[in-house]
Amino acid sequence: MGAEVGFTILVTAVILAAFFAFRATSSRKSNADRRLEQLGQESQLELNITPPPSRSVQVGKRSRFDQWFDVAVQRSGLDASPAGVAAVMFLAAVVLGGGLFLWKERLGLAGLGVALGVLLPFGMVVLYHRRYRWQLQSQLPDAYRMLSGSVRAGQTLEQAIEFYSDRGVKPLAEEFGHTAALMRLGMSPAAALEATAPRIRLLDFDLLVSTVGLYTQTGGNLVLLLERLADSVRDRNQFQQQFFAATAQSRIVAIAVGLAGPLLLLVYTLAEPEYVQTFLQSPSGWTLLAVCGVLEIIGVIWLWRILRVDY
């Protein structure tokens, strides 16, 4: 009875954690879209950030996770394909799961090895994908400054984008190269940037799309608009860097404290499996383990929401 209650509590906590994490992730984007809609209503202009093009043909054939995984692998900087990463995950799961089973001859440890074999390569993909996105984010201010300087020198916006795609810093220059290729096919700069936005998926690049769209509709001083946008993005990046530097010690301590319990349980499972088996066979063992898991999840969500940057 205690095992069933503990397992039910643990599963419920995992479901709630996934729900709140998804809700918190989408809140910043929705708030930005709402602010742009209000600004557009006040100025009688169409300033909404255009969402990525719909893919109704693929609905039902591929899930959102499959699409996200393909984009994450392609935008991670790794010289690998999604199928190759999936093969590495399968191989690591077989090697770790089979090795632990041959070592201790326990199905529980084999399942743990399979889980680690899948999660470790997946975690590397997520880490490299986040690093790639941060590289793009950090290069945006200089790119906007370079675009404004080219326009100030007498070039058109099309020529400025072409110039940055040839002389800019990678990997952002490669994304502008995609925009330049679309313009060579006959698209306008606003439409080409709008088509590039789903590839980059950064709010500050969406603001560039809105700025160019505003300039296309009403005209004005494009150099001044780009310079103000570059200053705004630079201030936001500096704020994030200062925030991460100020909270580095707290985050490291929180990660160490949060990983201490699971790591100790893993060590005891590998070194002294009899102790763990005796603990789990007791009536209150699973209940205590579920309560600890719930507290871990609550702590992770709490700290993540506190340390989330929303500038």
# chains A, B, ... in the order shown; residues from 1 in each chain; ligands from 1

$ residues_around --residues "Ser81 (chain A)" --least-positions-apart "4" --cutoff "12 Å" --atoms "only C-alpha atoms" --output "VMD selection string"
chain A and resid 69 to 77 85 to 88 125

$ closest_atom_pairs --of "region 206-263 of chain A" --to "region 153-177 of chain A" --cutoff "12 Å" --atoms "only C-alpha atoms" --output "CSV"
residue,atom,partner,partner_atom,distance
A:Val212,CA,A:Leu157,CA,9.2
A:Tyr215,CA,A:Leu157,CA,10.8
A:Thr216,CA,A:Leu157,CA,10.9
A:Leu222,CA,A:Leu157,CA,9.0
A:Val223,CA,A:Ala153,CA,10.0
A:Leu226,CA,A:Leu157,CA,11.0

$ select_by_dssp --residues "region 131-218 of chain A" --states "alpha helix (DSSP H)" --output "PyMOL selection string"
chain A and resi 131-152+157-167+172-184+189-200+203-218

$ closest_residue --among "A:Asp66, A:Glu274, A:Glu296, A:Glu227" --to "Arg152 (chain A)" --atoms "only C-alpha atoms"
A:Glu227

$ residues_around --residues "Glu194 (chain A)" --least-positions-apart "3" --cutoff "6 Å" --atoms "only C-alpha atoms" --output "list in words"
Ala191, Ala197 and Val209 of chain A

$ write_last_selection --atoms "C-alpha atoms" --output "mmCIF file, in the first residue's frame"
data_model
loop_
_atom_site.group_PDB
_atom_site.id
_atom_site.type_symbol
_atom_site.label_atom_id
_atom_site.label_comp_id
_atom_site.auth_asym_id
_atom_site.auth_seq_id
_atom_site.Cartn_x
_atom_site.Cartn_y
_atom_site.Cartn_z
ATOM 1 C CA ALA A 191 9.483 39.079 -46.086
ATOM 2 C CA ALA A 197 12.725 34.316 -37.948
ATOM 3 C CA VAL A 209 11.437 41.870 -38.272
#

$ residues_around --residues "Glu105 (chain A)" --least-positions-apart "6" --cutoff "12 Å" --atoms "only C-alpha atoms" --output "MDAnalysis selection string"
chainID A and resid 97:99 111 270 273
